[in-house]
Amino acid sequence: MRSVQRMLTGVAACAIAITSSGAAFAQDAEDSAGLGEIVVTAQKRETRLEKTPMTVNVLSGDQLATMGVIEIKSLSASVPGFTMHESPGNLSGVSVRGVGTSAGSQVFEQSVGLFVDGVYHPRARQYRDALFDVERVEVVKGSQGVLFGKNTSVGAVSVISRGPGSQTGGYLQGQVEGIYGSYTLEGALDVVPTDTLKLRVSGQYDNQAGFVENITLGRREASGDRYVVRGIAAWEPSDTLSVKAKVQFSRLDMTGNAFEFVADQNVAGLQALGVRDSGLKNYVKYEDAGAVGDPMDYQKSQDHSLEINLDLGGDHTLTATSGYSRFDMVNGFDSDSTPAPTLFSQFNENFRQFTQEIRLTSPTGRPIEYIIGGYYLHSTTKYDYISYYDNFPVLGGLYGTTGQRFNQKEDTFAGFGQVTWHMADNLQLNVGGRLTSDKKDADFQRRLIDDLGRPLGLVALAGPTPLYKQSVKDDTFDFSGTLSYNPTESSTIYISGGQGNKGSGFVNQAGLGVQHPTPFVVPVERVTTYEAGVKGRFLDGRAYLSLAVYHLDIKDYQDSFYNSTARAFQVRSLDAKSSGVEAEGQIKLSDVLTAYGNFAWNPEAKLENGERMQRAPRFTSTLGMRFNTALSDRFTLSGFGQWVHSDSMLHQPASAPGDNSSHPYDLVSARLQLTYEPARLSFFLNGGNLTDEVYRTFSFGSPIGMGQVGALNDPRTITIGIRKEF
């Protein structure tokens, strides 16, 4: 508690310094010479960023496109305190402020909830969806369970797709990476057939050539393609009714993966298995699964939503948001990471979900404002984990094929409400709560598919088991309270507290020799968040600053990791805590040049046993410059230069065997763009990782006990492209 008091004192001192520095340091944010105004919907209303009393990091769609971001994982370069990695099964592990859900359990929901156009996306695989043609991305930090809903105990990522424009138009863009040959094509078209109906159709095709050389198979990995097609219709038949409908279809089809040996513990053993460099050469692997199958990653997804807004009179608005999402995926990878076909793993999952939210929003500008609503979710998951053994080094060698089937059905009901009391013109108190009842039914069974005529060892360790069933029901209450003060029209000081819950989870994989996962159920994860901050627009609107300190108390943190000694995923429930400071800002130095930066300092992110938490670097920072200048009446030159630093972080707990850390890194990237204004035609050149820095994005101990297997960051890339707007 003393650390919390020290942090609150520091923020208060900073706030006093900012708000007492004179009128020249706090002017109207709408000054035309200043930064552009940013509007967010983190509170289910449109509010200006500097007047929103919480930490919200916002990236516009134009910023994302300029930086070449096509997946959420790339946000870590621009969002302080946000980290993400991917396992060999392409499962995402996402953390905010050092707290998040590991990729170790396939069907666990996330501590950092993902919402796309207001619809909840619970699965780690859904973080792999393409990020293109978006209006903005909001990363909202702190316990957000009141308004966002399920499993936002430490934060939420909200993606808002770009809607139809008011007139016919669109864009086409193509780019190619010059070193490895990856390329992307995308575009969008707005059509306005009537005064009340607007349409937008967009699509993207992304082809990845791969940058890891598989010497054994003579190819680069991971390679393949992805396409996304989206349609959005906005219909306003009257002044009191508006309807927005979205349909989206996507497919991902990749061969191989980027994982290789990154550290050896048995040089002679690896070389005997055909790993000639024994893990010491970057971006080179020696891997072959033999006749069992080819490492691959395939997913077909659908993502549809319908939002209806009805004006009930008196500026009261009734909003109904319906969502349907599904995906079918198959992921196979060579678990031994050698040319020997010792162990091959395959994940299969079919996921279906329907959600419905209804909320009533009061008008603004009154002493009391409120939002009340209800929420329903129904989902089903079918999961099958298949293992192919060919002389796997246990009991003299295991041979055969086993499967682990897991099925889950979930139903959730919730009611929520939030009230804002304007105690004075510049003083507000906001309180809210959400009551949730969540019921999950699950079953698990291991089966023997083929023993290859050698039944003894495999049947004993991985043979068929009886069907195991269990149900769990969580009744939870999320709440939050925020006191905020506006010393000027464009600045806010706030202090907040809240509690968020992440529902119970089922463990969907069992180790060798175990009939069913133990434990099978992991209890509710509960996070209490304390935060204080100051934010605002200053210097006649030319500068923006946000500074926050936080402390998280986590009860029953759902931690999971791969234990290479036990050759199994292990799940545990531990208390934990995390404290730190975050800041971001930008300043318009001139009409041409804008500087920006952020940092996150997280000195305390520990489990109750004293271990440092996974995906929790102590310090990260970003510094950059953007420029935009007219060379003539016809040509404009723009671009940016950026430096990103991160301290080392763990990918597995400190107690897991081997070195599972990322090691510190510094990344430099830049962009140059020349635009011919009369034709709205742009040519651009992007450079990523210009200094060719190498670090691990994920690592774990090899199941065959030979060292550490991991994936490395993207090497230096040079991308050229062309964009035509019309």
# chains A, B, ... in the order shown; residues from 1 in each chain; ligands from 1
>>> residues_around(residues="stretch 409-425 of chain A", least_positions_apart="4", cutoff="7 Å", atoms="only C-alpha atoms", output="NGL selection string")
:A and (146 or 367-381 or 429-442)
>>> residues_around(residues="A:Asn391", least_positions_apart="4", cutoff="10 Å", atoms="only C-alpha atoms", output="list of chain:residue names")
A:Ala340, A:Pro341, A:Thr342, A:Leu343, A:Leu395, A:Gly396, A:Gly397, A:Leu398, A:Tyr399, A:Gly400
>>> residues_around(residues="A:His516", least_positions_apart="2", cutoff="8 Å", atoms="only C-alpha atoms", output="PyMOL selection string")
chain A and resi 444-446+465+468+509-510+514+518+520
>>> atom_distance(atom1="atom CA of A:Gly513", atom2="atom CA of A:Gly457")
9.8 Å
>>> closest_atom_pairs(of="stretch 119-237 of chain A", to="stretch 663-685 of chain A", cutoff="10 Å", atoms="only C-alpha atoms", output="Markdown table")
| residue | atom | partner | partner_atom | distance |
| --- | --- | --- | --- | --- |
| A:Tyr171 | CA | A:Arg680 | CA | 9.6 |
| A:Leu172 | CA | A:Leu681 | CA | 9.8 |
| A:Gln173 | CA | A:Ser682 | CA | 9.3 |
| A:Gly174 | CA | A:Phe683 | CA | 10.0 |
| A:Gln175 | CA | A:Phe684 | CA | 8.8 |
| A:Val176 | CA | A:Leu685 | CA | 9.9 |
| A:Glu177 | CA | A:Leu685 | CA | 9.7 |
>>> atom_distance(atom1="atom CA of A:Asn426", atom2="atom CA of A:Val534")
14.3 Å
>>> atom_distance(atom1="atom CA of A:Ser242", atom2="atom CA of A:Asp190")
18.0 Å
>>> closest_residue(among="A:Gly93, A:Pro88, A:Gly536, A:Pro603", to="A:Asp336", atoms="only C-alpha atoms")
A:Pro88
>>> residues_around(residues="A:Asn57", least_positions_apart="2", cutoff="9 Å", atoms="only C-alpha atoms", output="PyMOL selection string")
chain A and resi 55+59+78-80+137-141+584
>>> closest_residue(among="A:Phe406, A:Tyr227, A:Phe211, A:Trp235", to="A:Lys198", atoms="only C-alpha atoms")
A:Trp235
>>> residues_around(residues="stretch 265-280 of chain A", least_positions_apart="5", cutoff="9 Å", atoms="only C-alpha atoms", output="ChimeraX atom specification")
/A:216,260,285-287,337-340,658,705-709
>>> write_last_selection(atoms="N, CA and C atoms", output="compact mmCIF listing (two decimals), in the first residue's frame")
# COMPACT_ATOMS: atom_id res chain seq x y z
N THR A 216 16.59 -28.32 -44.19
CA THR A 216 16.21 -29.71 -44.46
C THR A 216 15.20 -29.80 -45.60
N GLU A 260 12.70 -22.20 -34.15
CA GLU A 260 13.95 -22.91 -34.36
C GLU A 260 14.64 -23.07 -33.01
N LYS A 285 16.78 -23.17 -39.64
CA LYS A 285 16.25 -24.32 -38.92
C LYS A 285 16.47 -25.59 -39.74
N TYR A 286 16.47 -26.72 -39.05
CA TYR A 286 16.59 -28.04 -39.67
C TYR A 286 15.43 -28.86 -39.12
N GLU A 287 14.36 -28.97 -39.90
CA GLU A 287 13.14 -29.55 -39.37
C GLU A 287 12.37 -30.29 -40.45
N SER A 337 11.25 -30.18 -33.32
CA SER A 337 12.04 -29.14 -34.00
C SER A 337 13.33 -29.68 -34.61
N THR A 338 13.33 -30.92 -35.03
CA THR A 338 14.50 -31.54 -35.66
C THR A 338 14.06 -32.26 -36.93
N PRO A 339 15.02 -32.73 -37.77
CA PRO A 339 14.66 -33.53 -38.94
C PRO A 339 14.09 -34.90 -38.59
N ALA A 340 14.24 -35.33 -37.35
CA ALA A 340 13.70 -36.63 -36.94
C ALA A 340 12.21 -36.49 -36.62
N GLY A 658 15.71 -23.83 -18.30
CA GLY A 658 16.36 -23.14 -19.41
C GLY A 658 16.18 -21.63 -19.37
N GLY A 705 14.35 -32.34 -24.66
CA GLY A 705 15.39 -32.02 -23.70
C GLY A 705 16.72 -31.61 -24.29
N MET A 706 16.70 -31.00 -25.49
CA MET A 706 17.95 -30.64 -26.15
C MET A 706 18.31 -29.16 -26.03
N GLY A 707 17.41 -28.34 -25.50
CA GLY A 707 17.68 -26.91 -25.41
C GLY A 707 16.41 -26.11 -25.49
N GLN A 708 16.54 -24.85 -25.94
CA GLN A 708 15.40 -23.95 -26.03
C GLN A 708 14.99 -23.77 -27.48
N VAL A 709 13.68 -23.85 -27.70
CA VAL A 709 13.10 -23.58 -29.01
C VAL A 709 12.43 -22.21 -28.94
>>> select_by_dssp(residues="stretch 439-684 of chain A", states="strand (DSSP E)", output="VMD selection string")
chain A and resid 439 to 450 468 to 485 491 to 502 505 to 506 521 to 522 525 to 538 543 to 563 568 to 588 593 to 607 619 to 630 635 to 646 665 to 676 681 to 684
>>> write_last_selection(atoms="C-alpha atoms", output="short mmCIF file (atom, residue, chain, number, x, y, z; two decimals), in the first residue's frame")
data_model
loop_
_atom_site.label_atom_id
_atom_site.label_comp_id
_atom_site.auth_asym_id
_atom_site.auth_seq_id
_atom_site.Cartn_x
_atom_site.Cartn_y
_atom_site.Cartn_z
CA LYS A 439 -22.13 -21.14 -16.66
CA LYS A 440 -19.75 -23.47 -18.47
CA ASP A 441 -20.17 -27.20 -19.15
CA ALA A 442 -17.15 -29.14 -20.36
CA ASP A 443 -16.02 -32.67 -21.05
CA PHE A 444 -12.64 -34.23 -21.79
CA GLN A 445 -11.52 -37.59 -23.13
CA ARG A 446 -8.24 -39.04 -24.29
CA ARG A 447 -8.38 -41.65 -27.05
CA LEU A 448 -5.90 -43.96 -28.77
CA ILE A 449 -6.09 -43.51 -32.53
CA ASP A 450 -3.29 -45.87 -33.62
CA TYR A 468 -14.68 -36.77 -17.84
CA LYS A 469 -17.32 -34.06 -17.30
CA GLN A 470 -17.58 -31.01 -15.10
CA SER A 471 -19.64 -27.83 -14.84
CA VAL A 472 -18.83 -24.51 -13.23
CA LYS A 473 -20.99 -21.47 -12.48
CA ASP A 474 -19.52 -18.07 -11.66
CA ASP A 475 -21.59 -15.27 -10.15
CA THR A 476 -19.35 -12.21 -10.12
CA PHE A 477 -19.65 -8.48 -9.52
CA ASP A 478 -17.41 -5.97 -11.28
CA PHE A 479 -17.37 -2.38 -10.09
CA SER A 480 -15.51 0.89 -10.58
CA GLY A 481 -15.42 4.43 -9.25
CA THR A 482 -13.65 7.51 -10.63
CA LEU A 483 -13.34 11.03 -9.26
CA SER A 484 -12.15 13.50 -11.89
CA TYR A 485 -11.41 17.22 -11.92
CA SER A 491 -7.12 18.84 -19.00
CA THR A 492 -8.17 16.23 -16.43
CA ILE A 493 -6.89 14.95 -13.11
CA TYR A 494 -8.44 11.72 -11.87
CA ILE A 495 -8.21 8.97 -9.30
CA SER A 496 -9.99 5.66 -9.73
CA GLY A 497 -10.46 2.22 -8.27
CA GLY A 498 -12.21 -0.86 -9.52
CA GLN A 499 -12.46 -4.60 -9.53
CA GLY A 500 -12.72 -6.88 -12.55
CA ASN A 501 -13.19 -10.62 -12.88
CA LYS A 502 -12.02 -13.12 -15.42
CA GLY A 505 -11.33 -21.66 -17.15
CA PHE A 506 -10.99 -25.30 -18.10
CA VAL A 521 -10.94 -26.11 -13.50
CA VAL A 522 -8.99 -22.96 -12.69
CA GLU A 525 -9.23 -14.47 -11.59
CA ARG A 526 -10.00 -11.24 -9.71
CA VAL A 527 -8.08 -7.99 -10.22
CA THR A 528 -8.40 -4.85 -8.10
CA THR A 529 -6.98 -1.77 -9.82
CA TYR A 530 -5.96 1.56 -8.31
CA GLU A 531 -5.00 4.34 -10.70
CA ALA A 532 -4.30 8.05 -10.62
CA GLY A 533 -3.45 10.20 -13.57
CA VAL A 534 -3.29 13.54 -15.28
CA LYS A 535 -3.82 14.23 -18.97
CA GLY A 536 -4.47 17.17 -21.18
CA ARG A 537 -3.72 19.32 -24.19
CA PHE A 538 -1.35 22.20 -23.57
CA ALA A 543 0.97 19.33 -27.00
CA TYR A 544 -0.72 16.33 -25.43
CA LEU A 545 0.43 14.54 -22.27
CA SER A 546 -0.96 11.58 -20.34
CA LEU A 547 0.69 10.30 -17.15
CA ALA A 548 -0.68 7.56 -14.89
CA VAL A 549 0.46 5.46 -11.95
CA TYR A 550 -1.23 2.18 -11.11
CA HIS A 551 -1.27 -0.73 -8.70
CA LEU A 552 -2.93 -4.09 -9.39
CA ASP A 553 -3.80 -6.72 -6.79
CA ILE A 554 -4.54 -10.04 -8.50
CA LYS A 555 -6.22 -12.94 -6.74
CA ASP A 556 -5.97 -16.42 -8.31
CA TYR A 557 -4.01 -15.29 -11.36
CA GLN A 558 -4.50 -17.91 -14.09
CA ASP A 559 -0.90 -18.70 -14.96
CA SER A 560 0.12 -21.43 -17.40
CA PHE A 561 3.39 -22.47 -19.02
CA TYR A 562 5.19 -25.33 -20.74
CA ASN A 563 7.39 -27.44 -18.47
CA ALA A 568 3.43 -30.99 -20.37
CA PHE A 569 1.64 -27.69 -19.96
CA GLN A 570 1.20 -26.73 -16.34
CA VAL A 571 -1.55 -24.49 -15.01
CA ARG A 572 -1.53 -22.84 -11.62
CA SER A 573 -3.55 -20.28 -9.72
CA LEU A 574 -1.48 -17.76 -7.75
CA ASP A 575 -1.93 -14.33 -6.24
CA ALA A 576 0.13 -11.59 -7.87
CA LYS A 577 0.66 -7.84 -7.96
CA SER A 578 1.85 -5.25 -10.44
CA SER A 579 2.71 -1.57 -9.99
CA GLY A 580 4.16 1.03 -12.28
CA VAL A 581 4.06 4.30 -14.20
CA GLU A 582 3.05 4.98 -17.79
CA ALA A 583 3.19 8.09 -19.90
CA GLU A 584 2.71 9.15 -23.49
CA GLY A 585 2.76 12.46 -25.25
CA GLN A 586 3.32 14.39 -28.42
CA ILE A 587 4.14 17.96 -29.31
CA LYS A 588 3.76 19.85 -32.55
CA LEU A 593 7.35 18.46 -37.47
CA THR A 594 5.71 16.58 -34.57
CA ALA A 595 7.60 14.69 -31.85
CA TYR A 596 6.02 11.82 -29.91
CA GLY A 597 6.98 9.25 -27.33
CA ASN A 598 5.90 7.02 -24.49
CA PHE A 599 7.32 4.89 -21.70
CA ALA A 600 6.16 2.23 -19.27
CA TRP A 601 8.02 1.43 -16.05
CA ASN A 602 6.83 -1.72 -14.31
CA PRO A 603 9.24 -2.41 -11.42
CA GLU A 604 6.87 -4.73 -9.57
CA ALA A 605 5.11 -7.50 -11.50
CA LYS A 606 5.48 -10.53 -9.26
CA LEU A 607 3.70 -13.74 -8.39
CA PHE A 619 10.91 -0.73 -18.91
CA THR A 620 9.84 0.04 -22.47
CA SER A 621 9.93 3.30 -24.39
CA THR A 622 9.28 4.80 -27.81
CA LEU A 623 10.63 8.03 -29.32
CA GLY A 624 9.75 9.31 -32.76
CA MET A 625 9.30 12.20 -35.16
CA ARG A 626 6.62 12.69 -37.81
CA PHE A 627 6.92 15.23 -40.60
CA ASN A 628 4.72 16.52 -43.39
CA THR A 629 5.84 19.30 -45.71
CA ALA A 630 4.72 20.69 -49.04
CA PHE A 635 3.99 17.43 -54.18
CA THR A 636 4.00 16.65 -50.44
CA LEU A 637 6.74 14.78 -48.57
CA SER A 638 5.86 13.00 -45.31
CA GLY A 639 7.10 10.22 -43.07
CA PHE A 640 8.46 9.32 -39.66
CA GLY A 641 11.46 7.94 -37.81
CA GLN A 642 11.05 5.85 -34.65
CA TRP A 643 13.13 4.13 -31.98
CA VAL A 644 11.64 1.48 -29.69
CA HIS A 645 13.40 0.03 -26.63
CA SER A 646 12.41 -2.86 -24.39
CA TYR A 665 16.34 -4.92 -27.76
CA ASP A 666 16.22 -1.63 -29.68
CA LEU A 667 14.32 -1.29 -32.94
CA VAL A 668 14.64 1.53 -35.48
CA SER A 669 12.10 2.05 -38.24
CA ALA A 670 11.32 4.84 -40.72
CA ARG A 671 9.08 5.83 -43.62
CA LEU A 672 9.27 8.25 -46.56
CA GLN A 673 6.19 9.07 -48.63
CA LEU A 674 5.87 11.32 -51.69
CA THR A 675 2.32 12.33 -52.64
CA TYR A 676 1.24 13.85 -55.96
CA LEU A 681 -1.31 9.29 -55.64
CA SER A 682 1.38 8.32 -53.09
CA PHE A 683 4.63 6.39 -53.31
CA PHE A 684 6.17 5.19 -50.05
#
>>> residues_around(residues="A:Asp384", least_positions_apart="6", cutoff="8 Å", atoms="only C-alpha atoms", output="list in words")
Phe347, Asn348, Glu349, Gly403, Gln404, Arg405 and Phe406 of chain A
>>> closest_residue(among="A:Ile160, A:Thr402, A:Ser76, A:Ala233", to="A:Val192", atoms="only C-alpha atoms")
A:Ala233
>>> decode(residues="stretch 96-206 of chain A", atoms="C-alpha atoms", output="compact mmCIF listing (two decimals), in the first residue's frame")
# COMPACT_ATOMS: atom_id res chain seq x y z
CA VAL A 96 -1.29 -5.09 -20.16
CA ARG A 97 0.81 -3.74 -17.31
CA GLY A 98 2.46 -7.13 -16.89
CA VAL A 99 -0.80 -9.06 -16.48
CA GLY A 100 -2.33 -11.29 -19.13
CA THR A 101 -3.21 -14.78 -20.23
CA SER A 102 -0.47 -17.13 -21.40
CA ALA A 103 -0.71 -18.94 -24.71
CA GLY A 104 -0.28 -22.24 -22.83
CA SER A 105 -4.00 -23.07 -22.64
CA GLN A 106 -5.91 -23.06 -25.90
CA VAL A 107 -9.42 -22.38 -24.57
CA PHE A 108 -8.65 -19.91 -21.78
CA GLU A 109 -10.30 -16.56 -22.26
CA GLN A 110 -8.15 -13.44 -22.07
CA SER A 111 -7.48 -11.06 -19.18
CA VAL A 112 -7.21 -8.35 -21.87
CA GLY A 113 -10.53 -8.57 -23.69
CA LEU A 114 -10.69 -8.03 -27.45
CA PHE A 115 -13.71 -6.17 -28.85
CA VAL A 116 -14.26 -5.59 -32.55
CA ASP A 117 -16.98 -3.06 -33.38
CA GLY A 118 -18.39 -3.56 -29.90
CA VAL A 119 -18.50 -7.37 -30.08
CA TYR A 120 -16.51 -9.50 -27.65
CA HIS A 121 -13.87 -11.89 -29.10
CA PRO A 122 -12.69 -14.26 -26.32
CA ARG A 123 -10.24 -16.59 -28.04
CA ALA A 124 -6.49 -16.07 -28.31
CA ARG A 125 -6.71 -17.05 -31.98
CA GLN A 126 -8.92 -14.05 -32.67
CA TYR A 127 -6.03 -11.74 -31.89
CA ARG A 128 -4.55 -13.09 -35.15
CA ASP A 129 -7.26 -11.45 -37.28
CA ALA A 130 -6.09 -8.85 -39.79
CA LEU A 131 -5.97 -5.21 -38.73
CA PHE A 132 -6.76 -3.15 -41.83
CA ASP A 133 -9.14 -0.40 -42.94
CA VAL A 134 -9.89 0.58 -39.35
CA GLU A 135 -11.05 3.92 -37.99
CA ARG A 136 -8.96 3.53 -34.83
CA VAL A 137 -7.79 1.16 -32.12
CA GLU A 138 -8.32 2.03 -28.46
CA VAL A 139 -6.31 0.22 -25.77
CA VAL A 140 -8.22 0.87 -22.54
CA LYS A 141 -6.37 0.06 -19.32
CA GLY A 142 -7.61 -0.82 -15.86
CA SER A 143 -10.56 -2.99 -14.82
CA GLN A 144 -13.16 -2.36 -17.54
CA GLY A 145 -15.77 -4.96 -16.63
CA VAL A 146 -18.63 -2.51 -16.04
CA LEU A 147 -19.17 -1.30 -19.60
CA PHE A 148 -17.01 -3.57 -21.76
CA GLY A 149 -18.17 -6.83 -20.25
CA LYS A 150 -16.55 -10.22 -19.94
CA ASN A 151 -12.95 -10.78 -19.00
CA THR A 152 -11.53 -7.28 -19.00
CA SER A 153 -9.95 -7.53 -15.58
CA VAL A 154 -6.84 -5.55 -16.62
CA GLY A 155 -7.96 -3.86 -19.83
CA ALA A 156 -9.50 -4.09 -23.26
CA VAL A 157 -8.48 -3.67 -26.88
CA SER A 158 -11.25 -2.09 -28.93
CA VAL A 159 -11.01 -2.14 -32.74
CA ILE A 160 -13.37 0.14 -34.66
CA SER A 161 -13.68 -0.58 -38.37
CA ARG A 162 -13.81 2.30 -40.83
CA GLY A 163 -17.42 2.92 -41.81
CA PRO A 164 -18.87 4.19 -45.08
CA GLY A 165 -18.04 7.70 -46.22
CA SER A 166 -20.59 10.34 -47.17
CA GLN A 167 -19.74 10.19 -50.88
CA THR A 168 -18.45 7.74 -53.47
CA GLY A 169 -14.72 7.12 -53.08
CA GLY A 170 -12.11 4.78 -51.73
CA TYR A 171 -8.51 3.69 -52.15
CA LEU A 172 -6.26 1.04 -53.66
CA GLN A 173 -2.86 0.11 -52.23
CA GLY A 174 -0.14 -2.36 -53.07
CA GLN A 175 3.21 -2.98 -51.42
CA VAL A 176 6.06 -5.46 -51.72
CA GLU A 177 8.87 -6.27 -49.31
CA GLY A 178 12.15 -6.07 -51.22
CA ILE A 179 14.33 -8.57 -49.32
CA TYR A 180 12.06 -11.60 -48.83
CA GLY A 181 9.29 -10.89 -51.36
CA SER A 182 6.16 -10.67 -49.20
CA TYR A 183 3.43 -8.48 -50.66
CA THR A 184 0.04 -7.04 -49.74
CA LEU A 185 -2.87 -5.74 -51.80
CA GLU A 186 -5.85 -3.96 -50.30
CA GLY A 187 -8.56 -1.48 -51.08
CA ALA A 188 -11.96 -0.09 -50.20
CA LEU A 189 -14.91 1.43 -52.02
CA ASP A 190 -17.66 3.69 -50.65
CA VAL A 191 -21.00 3.76 -52.44
CA VAL A 192 -23.92 6.04 -51.54
CA PRO A 193 -26.98 4.71 -53.39
CA THR A 194 -29.55 6.90 -51.53
CA ASP A 195 -29.66 9.75 -49.06
CA THR A 196 -30.29 7.27 -46.23
CA LEU A 197 -28.02 4.35 -47.20
CA LYS A 198 -24.22 4.23 -47.36
CA LEU A 199 -22.08 1.18 -48.16
CA ARG A 200 -18.39 0.34 -47.79
CA VAL A 201 -16.73 -2.77 -49.21
CA SER A 202 -13.09 -3.47 -48.38
CA GLY A 203 -10.65 -6.30 -48.83
CA GLN A 204 -7.07 -7.33 -48.22
CA TYR A 205 -4.81 -10.03 -49.60
CA ASP A 206 -1.54 -10.60 -47.75
